[in-house]
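This report concerns only the one structure given below.
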Amino acid sequence: MTLSEVAHGVYAWIQPDGSWWINNAGAVHGGGDVVLIDTCATASRTHRFLGALADATDAAPIRVAVNTHFHGDHTFGNALLPASTVLIAHEQTRSEILADTMLTTTLPPIWSPVPDWGHSLTRAPTVVLRADLTLFAGNHRIDLRHPGHEAHTHGDVVAWLPQQRVLFTGDLLFHHVTPLVLQGSIAGALRSMDWLSQFPAVRIVPGHGPIIDEAELAEVLDAQARYYRLIQRTARAELAAGRTPLQAAGDCDLGEFAAWPDSQRIVLNLHRAYADAAGDTIDLLSAFTDAVTFNGGPFECSVNH
Ligand SMILES: [Zn+2]
């Protein structure tokens, strides 16, 4: 994992290989303060991130931390931040963090080895936004923006730095990692590719996977859009044929996407597409049970390293 300064005072924490629970995060350092963008899944990974950041910023205080969405790989480290740090996120993200019991319950055998979070304290944002909010770290302007609809989750927020033209996308964007839309909307996630393309960014920090340069962005967005369309096409045909999401996943040729880590997410994404088509809420346990069956056992997970 590396902390790279993608623009003056702007840091990306990149954790390879971006698979299950292994996220990217970031920070903006200016005027003697730090604005953090996401934490990590485990205590040990969050401590490593905060340690590297303290070294790079002469231990400047983290005044504000932003959560791009509620998923634990981006938020479980919240409780390890100083008590004085103000946490900000979309209002849906706050509700979703408060409703999430993953930190405090025994996990079913979905991942192997079972993630060791290192603590069990939930900490939710206390300042929320609905559409957008602008922050400053010294003179560095940070625009938090919600796409206006559900996508990866209901409360996705990007952090856009217009002066440096750096965009932190959270999990609206995965790079060479299979996207996951289990708790969002396939149609909304597809729409968000167009929304992201409107930012004139030169460096893009995705939620998972390597940093993206300006020249690569169009193809990364297009590849992810192609993946979402494959999910939509597959779900439409298989639903019409009376097949289940698990059967549909077995029928689906992933083609160019087969080499991306976490390819078994096809099952979870198809469950989402089926639920969207039926206007139903999703049954998370049955979606994960199907995905584990499809995978031939629990998903390999290296977050404890
Ligand atoms: Zn996520």
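In the structure tokens, the first chain shown is A, the next is B, and so on; residue numbers restart at 1 for each chain, and ligands run from 1 in the order shown.
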Residue list (alpha helix (DSSP H), DSSP) for stretch 85-271 of chain A, as a PyMOL selection string
chain A and resi 91-99+186-197+214-240+245-251+265-271
With a distance cut-off of 6 Å and only C-alpha atoms, select the neighbouring residues of A:Pro298, excluding the residue or stretch itself and same-chain residues fewer than 2 positions from it, and output the selection as a ChimeraX atom specification.
/A:110-112,292
Keeping only C-alpha atoms, write the selected residues as a compact mmCIF listing (two decimals), in the first residue's frame.
```
# COMPACT_ATOMS: atom_id res chain seq x y z
CA ILE A 110 -18.72 -15.49 3.31
CA TRP A 111 -15.03 -14.52 3.37
CA SER A 112 -12.00 -16.65 4.15
CA VAL A 292 -20.61 -18.40 -2.18
```
Hey, could you make a per-residue contact list for chain A against ligand 1 with 7 Å as the cut-off, showing the nearest pair of atoms and its distance in Å to one decimal, counting only C-alpha atoms and all ligand atoms, sorted by chain and number, as a tab-separated table?
```
residue	atom	partner	partner_atom_place_in_ligand_line	distance
A:His69	CA	ligand 1	1 (Zn)	6.7
A:His71	CA	ligand 1	1 (Zn)	4.9
A:His152	CA	ligand 1	1 (Zn)	6.7
A:Asp171	CA	ligand 1	1 (Zn)	4.9
```
Using only C-alpha atoms, which protein or nucleic acid residues come within 9 Å of A:Leu87? Drop anything in the same chain fewer than 3 positions from it, and give the result as an MDAnalysis selection string.
chainID A and resid 63:67 78 123:128
Which of these, A:Gly296, A:Gly138, A:Pro261, A:Pro147, has the shortest distance to A:His175 once you count only C-alpha atoms?
A:Pro261
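Distances to A:Gln224 were evaluated for A:Trp260, A:Phe174, A:Trp117, A:Phe199 using only C-alpha atoms, and the minimum falls at A:Phe174.
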One decimal place gives the atom CA of A:Thr42-atom CA of A:Ser302 separation as 11.2 Å
Leaving out A:Gly209 and any residue of its chain fewer than 3 positions from it, which residues lie within 12 Å of it when counting only C-alpha atoms, given as JSON, numbers by chain?
{"A": [1, 12, 13, 14, 15, 16, 17, 18, 19, 20, 21, 22, 23, 24, 25, 169, 170, 171, 173, 174, 175, 176, 177, 178, 179, 204, 205, 206, 212, 220, 260, 261]}
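Put simply, atom CA of A:Asp143 is 27.9 Å away from atom CA of A:Ala43.
Going from atom CA of A:Trp160 to atom CA of A:Leu144 covers 6.4 Å.
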Do you know which residues are at most 10 Å from stretch 267-280 of chain A counting only C-alpha atoms, after dropping those on the same chain fewer than 4 positions away, and could you put them as number ranges by chain?
A: 179-187, 228, 230-236, 238-239, 244-250, 252, 263, 284, 286-295
